[in-house]
Structure formats: structure tokens, C-alpha cells
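Undergrad: Starting off with a structure, shown below.
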Amino acid sequence: MKGTHTGSGETDAVWSALDRFQIELPSWGFANTGTRFGKFIQPAAATTIEEKFADAGEVHRLTGASPTVALHVLWDLPNGLGDIGEIKRLEAKYGVRAGSINPNLFQSQEYKFGSIANPSAEVRAMAIRHLLDSVAIGQALGSLDVSLWVSDGSNYPGTQSIRRRIDWVQEALDRTHAALSPAQRMLVEYKPFEPAFYHTDIADWGMALEFARSAGPQAKVLVDTGHHSQATNIEQIVAWLLHLDALGGFHFNDRKYADDDLTLGSVDPYQVFRIFAELAAAGAEETAGVAFMIDQSHNLKGKVEAMVQTVMTAQELYAKASLIPFERLAALQDGGELVGAEECFRESFWQDVRPLVQAWREARGLPANPLHALRSSGYVERVAEERGARASSTLGSYA
Ligand code: PSV
Ligand code: MN
């Protein structure tokens with residue numbers, strides 16, 4: 001019978017993990033992006049919000065695991081609440097819903113010295129208005145999370161008061177939290193540097209946690225895997241945030257040097273597995289509210305292809321973590337069996353779960369290999385032809 005099986009405990013573990021695993025796609029991951037050195041334009045890249053929804057819908061159709069798309073307010077809803085009708089039309093047409101709402105506190109000229117931490121009360125008020133508009137957009141779309149990344153900071157010692165800015169950030173977050181409906185959450189993202197290179201106002205998980213906790217119970221911390229200094233033990237941060245009931249979600253991506261926005265698991269899949277292992281150890285109930293989101297922009301890879309590859313990788317690593325035998329592991333840990341415990345942990349990582357994942361996909365009426373299915377569908381070629389002519393006229397715009 002479709003959707004059931006008479007398999008082993010392993011199959012049970014993997015199938016139930018995959019049944020609950022969903023990962024949000026970023027609208028900006030389908031657009032032309034680049035570095036400060038330039039952009040290589042792709043004819044298939046999305047240049048309108050409708051094209052972003054179309055691409056996200058295609059990824060979800062192939063993977064069955066990405067029913068929501070994160071929206072960046074300035075890029076995707078330039079008319080704010082005036083764009084709600086259009087977003088609802090696109091949701092219905094393409095079968096993916098609006099996910100997290102991402103305010104933009106980094107692109108206006110007024111934000112040269114910061115947004116919510118700007119020394120100018122007028123600029124801070126403008127930034128807070130945008131946050132409140134974003135909350136209203138989230139309410140109108142029925143989306144759960146307003147996801148805040150604050151790029152504020154400074155480039156040179158002595159040029160800003162780090163301490164006064166703490167109060168300004170807290171005030172903005174308090175006011176944003178006060179505007180949330182009971183059904184909404186506010187996620188606070190941290191990042192050690194970039195675009196600011198001396199100090200960043202929300203630089204690490206401790207600062208994000210303190211801001212979130214002071215703002216109120218609906219505020220949680222967002223962990224972007226690319227936003228850590230080299231060698232930071234991210235899974236330990238995850239364990240702590242779970243312990244404190246303060247983990248709101250993830251922005252997933254991989255990195256080699258800094259916030260590189262590379263494809264999840266492309267450089268260090270074991271890191272992703274170790275994060276998922278902490279979630280698996282906490283259990284499905286405790287982690288039910290944790291939002292999984294992709295935050296990647298693929299400058300060179302094909303956009304839709306890279307997203308399908310990312311979702312598949314995430315599913316496989318999540319499935320591997322579901323296989324960890326925690327009881328046996330605990331006994332080995334307690335007994336001081338170092339090599340035994342390490343091997344017990346790693347066994348699940350080494351296991352090839354792809355046949356189990358493939359069987360799950362087939363049972364759910366999905367393509368056995370979404371990447372192959374994408375290639376043979378001709379979707380990318382078709383949209384490249386349709387969009388190609390227009391893409392050349394979008395040089396210079398980020399989204
Ligand atoms: C900043 O680097 C970030 O991770 C934030 O989440 C932004 O919203 C996103 O990237 C897109 O620029
Ligand atoms: Mn992010």
C-alpha cells in the first residue's frame with residue numbers, strides 16, 4: 001500500500017524523519033547574484049516574484065520537502081501590504097506558501113551608520129517602521145516567522161558607542177515583539193562580521209539570545225551556519241539553544257572561509273550531520289518548532305538545480321542522524337568507551353541512506369531522484385528561453 005512499508009527499524013526511523021522534514025527555500029536563491037567583483041547572469045534566473053514562486057514550486061514538486069518560500073520584503077514586496085494579493089495569487093498558482101518574512105535593514109542610503117542602532121533617532125524610527133510593516137505583512141500572509149538580520153555595526157574602533165547601540169537595538173526588538181500576533185514569532189539572526197568589519201551589533205549567539213529573551217517569549221535565535229568564525233563548534237551552540245528553549249531555526253549553507261553561501265554539505269557534510277544529531281538527540285517533540293531554511297545564493301551553479309541538490313543533501317543528512325542509536329551511544333559514553341562511542345556516532349554518518357530515501361520518495365509519489373527528474377523535465381531549458389531576453393536588462397539589480 002502506498003505510504004506504508006513492512007521494513008526494518010531503520011526504514012521506520014528514516015521514513016518518519018523524512019515525513020516531518022521540511023526546508024524553506026529562499027526567494028533570493030533563484031535570482032541572479034554575484035560578488036562585489038561582479039555577476040554572471042544566468043538566462044534561467046528568476047527576475048520577478050512570479051518567476052521565483054515558479055522555481056520554488058518546481059523544487060517542491062520534485063522533492064516534496066519545501067512547501068514554503070522565504071520572502072525578502074524590499075526585493076519581493078516592494079509595495080509592502082499592497083503586494084499581499086499578488087503573493088496570495090502566486091501561492092495558489094504554484095503550490096508553495098509564503099514562509100518567513102525578512103525585513104531589509106541594510107540597503108537604504110539612510111542606513112550608512114546603521115538601521116535600528118543608528119545614532120539618529122529619525123533613522124531608527126524609519127527602521128522600526130519597516131520592522132512593524134514586516135510584522136503586518138507576516139500577519140496578512142499567515143506566515144509564522146519574521147526573520148531579522150541586523151547588519152548594523154562599525155568599521156573602526158571609537159567611531160560608534162557599542163554600549164549605547166545595545167539599548168537602541170533592544171528598543172527596536174521590544175517594539176517589534178510587542179506588535180506580533182500570538183501566532184507569530186520573531187527570529188533574531190547573528191553574524192560576526194560583514195558588512196561591518198570592526199564590530200557588529202548582533203555578532204554572536206549570546207547577543208542574539210539576550211536580545212531575544214529580553215524582547216519576549218515569541219523571540220528565538222536563528223542560527224545561520226555560515227555566520228561563525230572558523231572552527232566554532234556550531235552543534236554545541238545548537239545544544240545550548242535547545243537546552244534554553246531558544247532555538248528558532250536555521251539558515252543553512254556551507255562555507256570554506258566566511259559567509260560563502262555555498263551549497264549545504266558541499267564542503268563539510270559531517271558538520272551538518274553533527275547539527276542534525278543534536279536535534280535527533282533532543283527528539284521530534286522538542287524540535288518540532290525549529291524552522292529549517294536555506295540561505296544560499298549560487299553565483300555560478302544553476303539556481304533550481306542547486307536548490308534541488310541542497311534539499312536532497314539536507315534530507316540525506318537528516319535521515320542519517322535519525323539512525324543514531326542514542327541508547328547504545330549513551331552507554332558507551334558513560335562507560336568511557338571513547339573509540340566505541342565515536343564509531344557508534346560515525347556509523348550512521350557513513351551509512352549510505354540513499355536507497356532508503358529513494359524508497360521513501362517512491363512511496364510518497366515523488367521522483368526517485370529529483371535531480372535526474374529536473375534534468376529530464378526540461379524545466380530549466382524552458383525557463384531559460386522564456387526569461388533569457390529579459391535577464392540581460394536586469395544587470396545591476398541584486399534581486
Ligand atoms: C546575511 O548574510 C543573511 O544571512 C541574512 O539572513 C540575509 O537576510 C540573507 O543573508 C540574504 O542577504
Ligand atoms: Mn542568513
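In the C-alpha cells, chains take letters A, B, ... by order of appearance, with residues numbered from 1 within each chain and ligands from 1 in the order shown.
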What residues of the protein or nucleic acid chains come within 8 Å of ligand 2 when you use only C-alpha atoms and all ligand atoms? Reply as an MDAnalysis selection string.
TA: chainID A and resid 149 189 223:224 226:227 251:252 295
Undergrad: I need the chosen residues saved as a CSV table (one decimal), in the first residue's frame, with all heavy atoms.
TA:
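Generated output (out.csv):
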```csv
chain,number,residue,atom,x,y,z
A,149,TRP,N,17.6,40.0,10.3
A,149,TRP,CA,19.0,40.1,10.3
A,149,TRP,C,19.4,41.5,10.3
A,149,TRP,O,19.0,42.3,9.5
A,149,TRP,CB,19.6,39.4,9.1
A,149,TRP,CG,21.1,39.7,9.0
A,149,TRP,CD1,22.1,39.4,9.9
A,149,TRP,CD2,21.8,40.4,7.9
A,149,TRP,NE1,23.3,39.9,9.5
A,149,TRP,CE2,23.2,40.5,8.3
A,149,TRP,CE3,21.4,40.9,6.7
A,149,TRP,CZ2,24.1,41.1,7.5
A,149,TRP,CZ3,22.4,41.5,5.9
A,149,TRP,CH2,23.7,41.6,6.3
A,189,GLU,N,18.8,36.8,14.1
A,189,GLU,CA,19.9,36.2,13.4
A,189,GLU,C,21.2,36.9,13.9
A,189,GLU,O,21.2,38.1,14.1
A,189,GLU,CB,19.7,36.2,11.9
A,189,GLU,CG,20.8,35.6,11.1
A,189,GLU,CD,20.5,35.5,9.6
A,189,GLU,OE1,19.3,35.9,9.2
A,189,GLU,OE2,21.3,35.1,8.8
A,223,VAL,N,20.1,30.5,13.8
A,223,VAL,CA,21.5,30.1,13.5
A,223,VAL,C,21.7,30.0,12.0
A,223,VAL,O,21.2,29.1,11.4
A,223,VAL,CB,21.8,28.7,14.2
A,223,VAL,CG1,23.2,28.3,13.9
A,223,VAL,CG2,21.6,28.8,15.7
A,224,ASP,N,22.5,30.9,11.5
A,224,ASP,CA,22.9,30.8,10.1
A,224,ASP,C,24.2,30.1,10.1
A,224,ASP,O,25.2,30.6,10.7
A,224,ASP,CB,23.0,32.2,9.4
A,224,ASP,CG,23.3,32.1,7.9
A,224,ASP,OD1,24.2,31.3,7.6
A,224,ASP,OD2,22.7,32.8,7.1
A,226,GLY,N,26.6,29.7,8.2
A,226,GLY,CA,27.7,30.5,7.6
A,226,GLY,C,28.2,31.6,8.5
A,226,GLY,O,29.2,32.3,8.2
A,227,HIS,N,27.5,31.9,9.6
A,227,HIS,CA,27.8,33.1,10.3
A,227,HIS,C,28.6,32.8,11.6
A,227,HIS,O,28.1,33.2,12.7
A,227,HIS,CB,26.5,33.8,10.7
A,227,HIS,CG,25.8,34.4,9.6
A,227,HIS,ND1,24.6,35.2,9.7
A,227,HIS,CD2,26.0,34.4,8.2
A,227,HIS,CE1,24.2,35.6,8.5
A,227,HIS,NE2,25.0,35.1,7.6
A,251,HIS,N,19.4,29.0,9.1
A,251,HIS,CA,19.7,29.3,7.8
A,251,HIS,C,20.8,28.4,7.4
A,251,HIS,O,21.9,28.5,7.9
A,251,HIS,CB,20.1,30.8,7.6
A,251,HIS,CG,19.0,31.7,7.4
A,251,HIS,ND1,19.2,33.1,7.2
A,251,HIS,CD2,17.6,31.5,7.3
A,251,HIS,CE1,18.0,33.7,7.1
A,251,HIS,NE2,17.0,32.7,7.1
A,252,PHE,N,20.5,27.5,6.5
A,252,PHE,CA,21.6,26.5,6.1
A,252,PHE,C,22.3,27.0,4.9
A,252,PHE,O,21.7,27.5,3.9
A,252,PHE,CB,21.0,25.1,5.8
A,252,PHE,CG,20.7,24.4,7.1
A,252,PHE,CD1,19.4,24.0,7.4
A,252,PHE,CD2,21.7,24.0,8.0
A,252,PHE,CE1,19.1,23.3,8.6
A,252,PHE,CE2,21.4,23.3,9.1
A,252,PHE,CZ,20.1,23.0,9.4
A,295,ASP,N,19.6,29.4,3.2
A,295,ASP,CA,20.0,30.8,2.8
A,295,ASP,C,21.3,30.7,2.0
A,295,ASP,O,22.4,30.7,2.5
A,295,ASP,CB,20.3,31.6,4.1
A,295,ASP,CG,20.6,33.0,3.8
A,295,ASP,OD1,20.5,33.4,2.6
A,295,ASP,OD2,20.9,33.8,4.8
```
Undergrad: Excluding Ala178 (chain A) and residues on its chain fewer than 6 positions from it, collect all residues at most 10 Å away from it, counting only C-alpha atoms, and give them as a PDB file with N, CA, C and O atoms, in the first residue's frame.
TA:
```
ATOM      1  N   LEU A 132       7.837  46.963  11.754  1.00  0.00           N
ATOM      2  CA  LEU A 132       6.399  46.832  12.059  1.00  0.00           C
ATOM      3  C   LEU A 132       5.608  46.516  10.789  1.00  0.00           C
ATOM      4  O   LEU A 132       4.672  45.699  10.809  1.00  0.00           O
ATOM      5  N   ALA A 172      14.203  48.503  19.612  1.00  0.00           N
ATOM      6  CA  ALA A 172      13.552  48.132  18.341  1.00  0.00           C
ATOM      7  C   ALA A 172      12.996  46.705  18.420  1.00  0.00           C
ATOM      8  O   ALA A 172      11.889  46.434  17.943  1.00  0.00           O
ATOM      9  N   ALA A 215      13.330  40.639  24.613  1.00  0.00           N
ATOM     10  CA  ALA A 215      12.204  41.122  23.799  1.00  0.00           C
ATOM     11  C   ALA A 215      10.920  40.396  24.166  1.00  0.00           C
ATOM     12  O   ALA A 215       9.840  40.999  24.179  1.00  0.00           O
ATOM     13  N   GLY A 216      11.002  39.108  24.464  1.00  0.00           N
ATOM     14  CA  GLY A 216       9.783  38.387  24.857  1.00  0.00           C
ATOM     15  C   GLY A 216       9.795  36.934  24.421  1.00  0.00           C
ATOM     16  O   GLY A 216      10.672  36.503  23.669  1.00  0.00           O
ATOM     17  N   GLN A 218       8.125  35.152  22.361  1.00  0.00           N
ATOM     18  CA  GLN A 218       7.950  34.746  20.957  1.00  0.00           C
ATOM     19  C   GLN A 218       9.200  35.038  20.116  1.00  0.00           C
ATOM     20  O   GLN A 218       9.190  34.841  18.906  1.00  0.00           O
TER      21      GLN A 218
END
```
Undergrad: Which chain A residues have any atom within 10 Å of an atom of ligand 1, and for each, what is the nearest pair of atoms with distance in Å to one decimal, counting only C-alpha atoms and all ligand atoms, rows sorted by chain and number, as CSV?
TA:
```
residue,atom,partner,partner_atom_place_in_ligand_line,distance
A:Pro26,CA,ligand 1,11 (C),8.4
A:Ser27,CA,ligand 1,11 (C),9.6
A:Trp28,CA,ligand 1,11 (C),7.2
A:Gly29,CA,ligand 1,11 (C),8.8
A:Ala70,CA,ligand 1,8 (O),9.5
A:Leu71,CA,ligand 1,8 (O),9.2
A:His72,CA,ligand 1,8 (O),7.1
A:Val73,CA,ligand 1,8 (O),9.9
A:Ile101,CA,ligand 1,8 (O),9.4
A:Asn102,CA,ligand 1,8 (O),6.1
A:Pro103,CA,ligand 1,8 (O),7.6
A:Asn104,CA,ligand 1,8 (O),7.3
A:Leu105,CA,ligand 1,8 (O),9.1
A:Phe106,CA,ligand 1,12 (O),9.0
A:Ser147,CA,ligand 1,8 (O),7.7
A:Leu148,CA,ligand 1,8 (O),7.3
A:Trp149,CA,ligand 1,5 (C),5.3
A:Val150,CA,ligand 1,5 (C),8.1
A:Ser151,CA,ligand 1,1 (C),7.4
A:Val188,CA,ligand 1,6 (O),9.7
A:Glu189,CA,ligand 1,6 (O),6.9
A:Tyr190,CA,ligand 1,4 (O),8.5
A:Lys191,CA,ligand 1,2 (O),7.2
A:Pro192,CA,ligand 1,2 (O),9.9
A:Phe193,CA,ligand 1,2 (O),9.1
A:Glu194,CA,ligand 1,2 (O),7.5
A:Pro195,CA,ligand 1,2 (O),8.4
A:Leu222,CA,ligand 1,6 (O),9.0
A:Val223,CA,ligand 1,4 (O),9.3
A:Asp224,CA,ligand 1,4 (O),6.3
A:Thr225,CA,ligand 1,4 (O),8.9
A:Gly226,CA,ligand 1,4 (O),7.6
A:His227,CA,ligand 1,4 (O),7.3
A:Phe250,CA,ligand 1,6 (O),9.7
A:His251,CA,ligand 1,6 (O),7.0
A:Phe252,CA,ligand 1,4 (O),9.1
A:Asn253,CA,ligand 1,4 (O),9.2
A:Asp259,CA,ligand 1,2 (O),6.8
A:Asp260,CA,ligand 1,2 (O),9.1
A:Asp261,CA,ligand 1,4 (O),8.3
A:Met293,CA,ligand 1,6 (O),9.9
A:Ile294,CA,ligand 1,6 (O),9.5
A:Asp295,CA,ligand 1,10 (O),6.3
A:Gln296,CA,ligand 1,10 (O),7.7
A:Ser297,CA,ligand 1,11 (C),8.3
A:Tyr398,CA,ligand 1,12 (O),9.6
A:Ala399,CA,ligand 1,12 (O),9.8
```
Undergrad: Could you give me, as a VMD selection string, the residues within 12 Å of region 8-11 of chain A, counting only C-alpha atoms and dropping anything in the same chain fewer than 6 positions from it?
TA: chain A and resid 17 to 19 319 to 325 348 351 to 360
Undergrad: Where in region 309-372 of chain A does DSSP assign alpha helix (DSSP H), given as a PyMOL selection string?
TA: chain A and resi 309-322+326-334+338-350+354-363+370-372
Undergrad: I'd like to know which of A:Pro182, A:Trp168, A:Leu262, A:Gly34 is closest to Ala121 (chain A), using only C-alpha atoms.
TA: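 Ranking A:Pro182, A:Trp168, A:Leu262, A:Gly34 by distance to Ala121 (chain A), first place goes to A:Trp168.
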Undergrad: Residues within 8 Å of region 380-386 of chain A, please, as a PDB file with N, CA and C atoms, in the first residue's frame. Count only C-alpha atoms; anything in the same chain fewer than 5 positions from it doesn't count.
TA:
```pdb
ATOM      1  N   GLN A  42      22.553  34.515 -15.446  1.00  0.00           N
ATOM      2  CA  GLN A  42      22.067  33.233 -15.977  1.00  0.00           C
ATOM      3  C   GLN A  42      20.719  33.467 -16.663  1.00  0.00           C
ATOM      4  N   PRO A  43      20.577  32.986 -17.879  1.00  0.00           N
ATOM      5  CA  PRO A  43      19.304  33.213 -18.567  1.00  0.00           C
ATOM      6  C   PRO A  43      18.111  32.587 -17.847  1.00  0.00           C
ATOM      7  N   ALA A  44      18.342  31.525 -17.055  1.00  0.00           N
ATOM      8  CA  ALA A  44      17.216  30.863 -16.369  1.00  0.00           C
ATOM      9  C   ALA A  44      16.892  31.501 -15.027  1.00  0.00           C
ATOM     10  N   ALA A  45      17.709  32.442 -14.563  1.00  0.00           N
ATOM     11  CA  ALA A  45      17.472  33.015 -13.230  1.00  0.00           C
ATOM     12  C   ALA A  45      16.148  33.776 -13.201  1.00  0.00           C
ATOM     13  N   VAL A 304      17.930  26.502  -9.822  1.00  0.00           N
ATOM     14  CA  VAL A 304      16.949  25.478  -9.439  1.00  0.00           C
ATOM     15  C   VAL A 304      17.665  24.160  -9.165  1.00  0.00           C
ATOM     16  N   LEU A 374      14.583  16.616 -12.610  1.00  0.00           N
ATOM     17  CA  LEU A 374      14.657  18.019 -13.049  1.00  0.00           C
ATOM     18  C   LEU A 374      15.310  18.085 -14.425  1.00  0.00           C
ATOM     19  N   ARG A 375      16.418  17.337 -14.559  1.00  0.00           N
ATOM     20  CA  ARG A 375      17.141  17.383 -15.839  1.00  0.00           C
ATOM     21  C   ARG A 375      16.262  16.880 -16.969  1.00  0.00           C
TER      22      ARG A 375
END
```
Undergrad: Considering only C-alpha atoms, can you say which of A:Arg361, A:Arg346, A:Arg89, A:Arg213 comes closest to Arg274 (chain A)?
TA: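 With only C-alpha atoms as the atom set, the closest residue is A:Arg346.
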Undergrad: Given only C-alpha atoms as the basis, pick out the residue of A:Gln22, A:Ser16, A:Ser143, A:Ser115 nearest to Val290 (chain A).
TA: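 The answer is A:Gln22, which sits nearest to Val290 (chain A).
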Undergrad: May I have the residues within 8 Å of Leu187 (chain A) as a list in words, using only C-alpha atoms and disregarding those fewer than 5 positions away in the same chain?
TA: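 Near neighbours after the sequence-gap exclusion: Asp145, Val146, Ser147, Leu148, Ala212, Ala219, Lys220, Val221, Leu222, Gly248 and Gly249 of chain A.
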Undergrad: Since we have the selection now, will you write its residues out, keeping N, CA, C and O atoms, as a compact mmCIF listing (two decimals), in the first residue's frame?
TA:
```
# COMPACT_ATOMS: atom_id res chain seq x y z
N ASP A 145 7.08 33.23 10.86
CA ASP A 145 8.28 33.91 11.35
C ASP A 145 8.59 35.22 10.65
O ASP A 145 8.58 35.30 9.42
N VAL A 146 8.91 36.22 11.46
CA VAL A 146 9.57 37.42 10.95
C VAL A 146 11.04 37.21 11.30
O VAL A 146 11.39 37.06 12.47
N SER A 147 11.87 37.16 10.29
CA SER A 147 13.24 36.74 10.48
C SER A 147 14.17 37.94 10.33
O SER A 147 14.33 38.49 9.25
N LEU A 148 14.78 38.32 11.44
CA LEU A 148 15.52 39.58 11.49
C LEU A 148 17.02 39.41 11.38
O LEU A 148 17.64 38.81 12.25
N ALA A 212 16.82 38.47 22.22
CA ALA A 212 15.57 37.74 22.01
C ALA A 212 14.84 37.53 23.33
O ALA A 212 13.63 37.79 23.45
N ALA A 219 10.24 35.49 20.76
CA ALA A 219 11.50 35.74 20.04
C ALA A 219 12.47 34.59 20.29
O ALA A 219 12.63 34.14 21.43
N LYS A 220 13.07 34.10 19.21
CA LYS A 220 14.02 32.98 19.32
C LYS A 220 15.25 33.32 18.49
O LYS A 220 15.24 34.25 17.68
N VAL A 221 16.27 32.49 18.63
CA VAL A 221 17.54 32.74 17.92
C VAL A 221 17.56 31.97 16.61
O VAL A 221 17.10 30.82 16.53
N LEU A 222 18.07 32.61 15.59
CA LEU A 222 18.24 31.97 14.28
C LEU A 222 19.73 31.73 14.04
O LEU A 222 20.55 32.65 14.11
N GLY A 248 15.15 29.03 17.34
CA GLY A 248 14.02 29.29 16.44
C GLY A 248 14.17 28.59 15.11
O GLY A 248 13.20 28.11 14.53
N GLY A 249 15.38 28.53 14.61
CA GLY A 249 15.57 27.89 13.32
C GLY A 249 16.97 28.08 12.78
O GLY A 249 17.85 28.61 13.46
```
Undergrad: What does the structure give for the distance between CA of Gln315 (chain A) and CA of Gly365 (chain A), in Å to one decimal?
TA: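 One can read the CA of Gln315 (chain A) to CA of Gly365 (chain A) distance as 16.3 Å.
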Undergrad: Just the residues within 12 Å of Ala330 (chain A), please, counting only C-alpha atoms, with nothing from its chain fewer than 2 positions along; format it as a PyMOL selection string.
TA: chain A and resi 281+324-328+332-338+340-342+344-345
Undergrad: What is the CA of Ala140 (chain A) to CA of Arg185 (chain A) distance in Å?
TA: 14.1 Å
Undergrad: Between CA of Thr47 (chain A) and CA of Arg255 (chain A), what is the distance, to one decimal in Å?
TA: 25.9 Å
Undergrad: Please return, as a compact mmCIF listing (two decimals) with N, CA and C atoms, in the first residue's frame, all residues of region 64-173 of chain A that DSSP assigns to strand (DSSP E or B) on the basis of the backbone.
TA:
```txt
# COMPACT_ATOMS: atom_id res chain seq x y z
N THR A 68 7.42 25.98 1.49
CA THR A 68 7.37 27.43 1.75
C THR A 68 8.58 28.13 1.15
N VAL A 69 8.38 29.41 0.87
CA VAL A 69 9.46 30.22 0.30
C VAL A 69 9.63 31.49 1.13
N ALA A 70 10.86 31.70 1.57
CA ALA A 70 11.17 32.90 2.36
C ALA A 70 11.12 34.12 1.46
N LEU A 71 10.52 35.19 1.98
CA LEU A 71 10.41 36.42 1.19
C LEU A 71 11.23 37.53 1.84
N HIS A 72 11.93 38.28 1.01
CA HIS A 72 12.68 39.45 1.50
C HIS A 72 11.84 40.67 1.13
N ARG A 97 3.77 28.13 -0.29
CA ARG A 97 3.27 29.24 0.53
C ARG A 97 4.40 30.20 0.91
N ALA A 98 4.00 31.41 1.26
CA ALA A 98 4.98 32.36 1.79
C ALA A 98 5.47 31.84 3.13
N GLY A 99 6.77 31.86 3.32
CA GLY A 99 7.35 31.41 4.58
C GLY A 99 7.79 32.61 5.41
N SER A 100 9.02 32.56 5.88
CA SER A 100 9.49 33.64 6.75
C SER A 100 9.53 34.97 6.00
N ILE A 101 9.25 36.03 6.74
CA ILE A 101 9.28 37.38 6.18
C ILE A 101 10.58 38.03 6.66
N ASN A 102 11.39 38.47 5.71
CA ASN A 102 12.71 39.03 6.03
C ASN A 102 12.73 40.53 5.77
N ASP A 145 7.08 33.23 10.86
CA ASP A 145 8.28 33.91 11.35
C ASP A 145 8.59 35.22 10.65
N VAL A 146 8.91 36.22 11.46
CA VAL A 146 9.57 37.42 10.95
C VAL A 146 11.04 37.21 11.30
N SER A 147 11.87 37.16 10.29
CA SER A 147 13.24 36.74 10.48
C SER A 147 14.17 37.94 10.33
N LEU A 148 14.78 38.32 11.44
CA LEU A 148 15.52 39.58 11.49
C LEU A 148 17.02 39.41 11.38
N TRP A 149 17.58 39.97 10.34
CA TRP A 149 19.03 40.07 10.32
C TRP A 149 19.39 41.54 10.34
N GLY A 153 26.65 47.88 12.42
CA GLY A 153 27.94 47.75 13.09
C GLY A 153 28.81 48.93 12.72
N SER A 154 30.11 48.80 12.94
CA SER A 154 31.02 49.89 12.56
C SER A 154 32.33 49.31 12.04
```
Undergrad: Would you mind telling me which residue in A:Ala65, A:Met307, A:Ser134, A:Glu286 lies nearest to Ile84 (chain A) when using only C-alpha atoms?
TA: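 With only C-alpha atoms as the atom set, the closest residue is A:Ser134.
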Undergrad: Which one is closest to Lys256 (chain A): A:Asp76, A:Asp12, A:Glu91, A:Asp268? Count only C-alpha atoms.
TA: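 Once distances to Lys256 (chain A) are computed over only C-alpha atoms, the minimum belongs to A:Asp268.
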